[in-house]
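What follows is a short report on a single structure.
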Amino acid sequence: MERPDLKQALVRLLGPAEPELGCDECFAELDRYVELELAGADADAAVPGFQAHLAGCPACREEHESLRALVGGEQAL
Amino acid sequence: METVRPAIDLDSRRWLHDLRASGSTYDDAVARLHALLLRAARFEVARRRPTLPHLRGNELDDIALEAADDALVNVLRRLDSYRGLSRFTTWAYKFALLEAGVKLRRRAWQGREVPLEPESWALLAGGSPTPERELAQQELLGSLQRGIAEALTPHQRQVLVALALNGVPIDVLAERLETTRGALYKTLHDARRKLREHLAAAGISVEAWLEED
């Protein structure tokens with residue numbers, strides 16, 4: 001089997017193929033996106049390019065995961 | 001056409017009112033906000049703790065406190081940019097998570113050299129099931145290396161290699177190169193686009209490689 005590293009490296013090197021937000025726009029939309037997600041709404045349709053940016057930016061992806069976990073955890077209490 | 005503004009929930013309106021007040025109302029609100037931001041920063045530190053085994057508990061506490069302090073300044077400075085599109089607490093949390101995440105990534109790389117030249121091409125090669133596949137893989141890797149060497153500006157090359165190939169966190173590189181995350185990501189985006197164009201011109205289908213199991 002081929003090394004999974006190669007595919008992962010390609011993803012990291014080439015990033016998302018579709019249009020994406022930048023880091024500043026992603027941060028500006030982060031709170032709205034997370035609340036839409038947790039409410040079961042179509043967050044991707046509401047904030048085009050957000051999901052693509054997360055695919056290309058590990059730092060923004062971490063912040064999205066953290067905010068979702070923090071707010072989602074509070075809502076579950 | 002008139003813009004319809006979303007209704008801001010009662011709790012968020014109270015936060016805004018109190019943080020724009022004066023005297024003890026303001027002081028109490030700032031104290032509550034700091035406690036909220038500290039909780040978020042500690043949450044982030046706890047999530048990242050397994051990746052930071054060399055940091056002691058008191059160092060992590062200090063990072064959380066510094067993150068909450070910096071986030072407080074940012075939230076108060078940017079209060080007028082809160083649009084009411086989420087609850088105020090969700091909006092405020094993201095500043096604490098950002099500060100904590102940036103500080104943790106930078107601390108993890110403190111004293112480490114930031115590699116700006118390709119380190120790991122050899123790790124990617126090999127493991128192909130057939131000679132034909134091996135050949136196609138060599139062609140892909142060769143084209144990627146040529147694209148990085150020839151199609152990109154020196155700055156684009158440095159940024160792409162450090163971030164995408166060598167795994168340097170974007171905040172760490174931004175600090176070392178004295179720039180911002182947003183500016184670096186723009187450079188990364190442009191470099192990726194050029195590299196895709198280079199591969200397409202060489203007749204290599206990126207999608208075929210990415211879609212394979």
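Residue numbers start at 1 in each chain; chains themselves are named A, B, ... in the order of the structure tokens; ligands are numbered from 1 in the order shown.
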
With 10 Å as the cut-off and only C-alpha atoms counted, what is the closest atom pair between each nearby residue of chain A and chain B? Distances in Å to one decimal, ordered by chain and number, as a tab-separated table.
```
residue	atom	partner	partner_atom	distance
A:Met1	CA	B:Pro129	CA	5.9
A:Glu2	CA	B:Gly127	CA	4.7
A:Arg3	CA	B:Gly127	CA	5.8
A:Pro4	CA	B:Leu124	CA	8.5
A:Asp5	CA	B:Leu124	CA	5.8
A:Leu6	CA	B:Leu124	CA	5.2
A:Lys7	CA	B:Leu210	CA	6.1
A:Gln8	CA	B:Leu210	CA	8.7
A:Ala9	CA	B:Leu165	CA	6.8
A:Leu10	CA	B:Leu210	CA	7.5
A:Val11	CA	B:Leu210	CA	7.5
A:Arg12	CA	B:Ala164	CA	5.0
A:Leu13	CA	B:Ala164	CA	5.1
A:Leu14	CA	B:Arg192	CA	4.9
A:Gly15	CA	B:Arg192	CA	6.5
A:Pro16	CA	B:Arg192	CA	8.9
A:Ala17	CA	B:Arg193	CA	8.6
A:Glu20	CA	B:His189	CA	9.3
A:Leu21	CA	B:Lys186	CA	9.9
A:Gly22	CA	B:Gly182	CA	6.5
A:Cys23	CA	B:Gly182	CA	5.2
A:Asp24	CA	B:Gly182	CA	5.9
A:Glu25	CA	B:Gly182	CA	8.9
A:Cys26	CA	B:Gly182	CA	9.9
A:Phe27	CA	B:Lys94	CA	8.0
A:Ala28	CA	B:Trp91	CA	9.1
A:Glu29	CA	B:Leu85	CA	8.9
A:Leu30	CA	B:Lys94	CA	7.6
A:Asp31	CA	B:Trp91	CA	5.3
A:Arg32	CA	B:Ser86	CA	5.1
A:Tyr33	CA	B:Ser86	CA	8.6
A:Val34	CA	B:Thr90	CA	8.6
A:Glu35	CA	B:Ser86	CA	6.5
A:Leu36	CA	B:Ser86	CA	8.7
A:His53	CA	B:Tyr185	CA	9.9
A:Gly56	CA	B:His189	CA	8.8
A:Cys57	CA	B:Tyr185	CA	8.0
A:Pro58	CA	B:Pro169	CA	7.9
A:Ala59	CA	B:Ile170	CA	6.9
A:Cys60	CA	B:Leu98	CA	8.8
A:Glu62	CA	B:Gly101	CA	8.1
A:Glu63	CA	B:Leu98	CA	6.4
A:His64	CA	B:Lys94	CA	8.6
A:Ser66	CA	B:Glu44	CA	6.7
A:Leu67	CA	B:Lys94	CA	6.4
A:Arg68	CA	B:Thr90	CA	9.4
A:Ala69	CA	B:Phe43	CA	9.4
A:Leu70	CA	B:Phe43	CA	7.4
A:Val71	CA	B:Thr90	CA	6.9
```

Using C-alpha atoms, can you write the selected residues to a file as a CSV table (one decimal), in the first residue's frame?
```csv
chain,number,residue,atom,x,y,z
A,1,MET,CA,0.0,0.0,0.0
A,2,GLU,CA,1.1,3.5,-0.8
A,3,ARG,CA,2.2,5.7,2.1
A,4,PRO,CA,-0.7,7.8,3.4
A,5,ASP,CA,1.9,10.5,4.0
A,6,LEU,CA,1.9,11.3,0.3
A,7,LYS,CA,-1.8,12.1,0.1
A,8,GLN,CA,-1.7,14.1,3.3
A,9,ALA,CA,1.3,16.0,2.0
A,10,LEU,CA,-0.5,16.8,-1.2
A,11,VAL,CA,-3.5,18.1,0.7
A,12,ARG,CA,-1.2,20.3,2.8
A,13,LEU,CA,0.8,21.5,-0.1
A,14,LEU,CA,-2.1,22.2,-2.5
A,15,GLY,CA,-4.8,23.3,0.0
A,16,PRO,CA,-8.5,23.3,-0.9
A,17,ALA,CA,-9.5,23.5,-4.6
A,20,GLU,CA,-12.0,29.9,0.7
A,21,LEU,CA,-12.0,32.7,3.2
A,22,GLY,CA,-8.8,34.1,4.7
A,23,CYS,CA,-7.8,33.8,8.3
A,24,ASP,CA,-9.2,37.2,9.4
A,25,GLU,CA,-12.5,36.6,7.7
A,26,CYS,CA,-12.6,33.1,9.2
A,27,PHE,CA,-12.1,34.5,12.7
A,28,ALA,CA,-14.8,37.2,12.1
A,29,GLU,CA,-17.3,34.5,11.2
A,30,LEU,CA,-16.2,31.8,13.7
A,31,ASP,CA,-18.7,32.5,16.5
A,32,ARG,CA,-21.7,32.7,14.1
A,33,TYR,CA,-20.6,29.6,12.2
A,34,VAL,CA,-20.3,27.5,15.4
A,35,GLU,CA,-23.7,28.6,16.7
A,36,LEU,CA,-25.3,27.8,13.4
A,53,HIS,CA,-10.5,27.5,4.8
A,56,GLY,CA,-6.4,24.5,4.4
A,57,CYS,CA,-5.5,26.1,7.7
A,58,PRO,CA,-4.7,24.0,10.8
A,59,ALA,CA,-4.6,26.9,13.2
A,60,CYS,CA,-8.1,28.1,12.3
A,62,GLU,CA,-8.0,24.1,15.9
A,63,GLU,CA,-9.8,27.3,17.0
A,64,HIS,CA,-13.0,26.1,15.3
A,66,SER,CA,-12.2,24.4,20.4
A,67,LEU,CA,-15.0,26.9,20.2
A,68,ARG,CA,-17.4,24.2,19.1
A,69,ALA,CA,-16.3,21.9,21.9
A,70,LEU,CA,-16.5,24.7,24.5
A,71,VAL,CA,-19.9,26.1,23.5
```

Those in chain A with alpha helix (DSSP H) from DSSP, as a ChimeraX atom specification: /A:4-14,23-38,43-46,50-56,58-76

d(CA of Val47 (chain A), CA of Arg61 (chain A)) in Å: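 Result for CA of Val47 (chain A) versus CA of Arg61 (chain A): 15.0 Å, one decimal.
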
Surrounding residues of Ala29 (chain B) excluding itself and chain neighbours under 4 positions, 7 Å, only C-alpha atoms, as a PyMOL selection string: chain B and resi 18-19+25+33

Residues from the last selection, N, CA and C atoms, saved as a tab-separated table (two decimals), in the first residue's frame:
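Done, and the output landed in selection_3.tsv:
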```tsv
chain	number	residue	atom	x	y	z
B	18	ASP	N	-23.56	46.72	30.30
B	18	ASP	CA	-22.69	46.82	31.48
B	18	ASP	C	-21.26	47.20	31.10
B	19	LEU	N	-20.80	46.68	29.94
B	19	LEU	CA	-19.42	46.98	29.52
B	19	LEU	C	-19.30	48.39	28.95
B	25	THR	N	-20.75	49.14	37.95
B	25	THR	CA	-21.39	48.28	36.95
B	25	THR	C	-20.35	47.82	35.93
B	33	LEU	N	-16.24	39.28	32.83
B	33	LEU	CA	-15.73	38.97	31.50
B	33	LEU	C	-14.36	38.30	31.61
```

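If you look at CA of Arg106 (chain B) and CA of Val172 (chain B), they are 5.4 Å away from each other.
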
Residue among B:Arg146, B:Leu199, B:Arg42, B:Leu79 lying closest to Glu59 (chain B), counting only C-alpha atoms: B:Arg42

Shortest interatomic distance to Asp190 (chain B) - which of B:Ala208, B:Ala202, B:Leu152, B:Leu173, counting only C-alpha atoms: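 The answer is B:Leu152, which sits nearest to Asp190 (chain B).
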
Atomic separation - CA of Leu38 (chain A) relative to CA of Ala64 (chain B), Å: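 The value is 25.7 Å.
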
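The shortest atom-to-atom distance to Pro19 (chain A), with only C-alpha atoms taken into account, belongs to A:Ala52 out of A:Ala41, A:Ala76, A:Ala46, A:Ala52.
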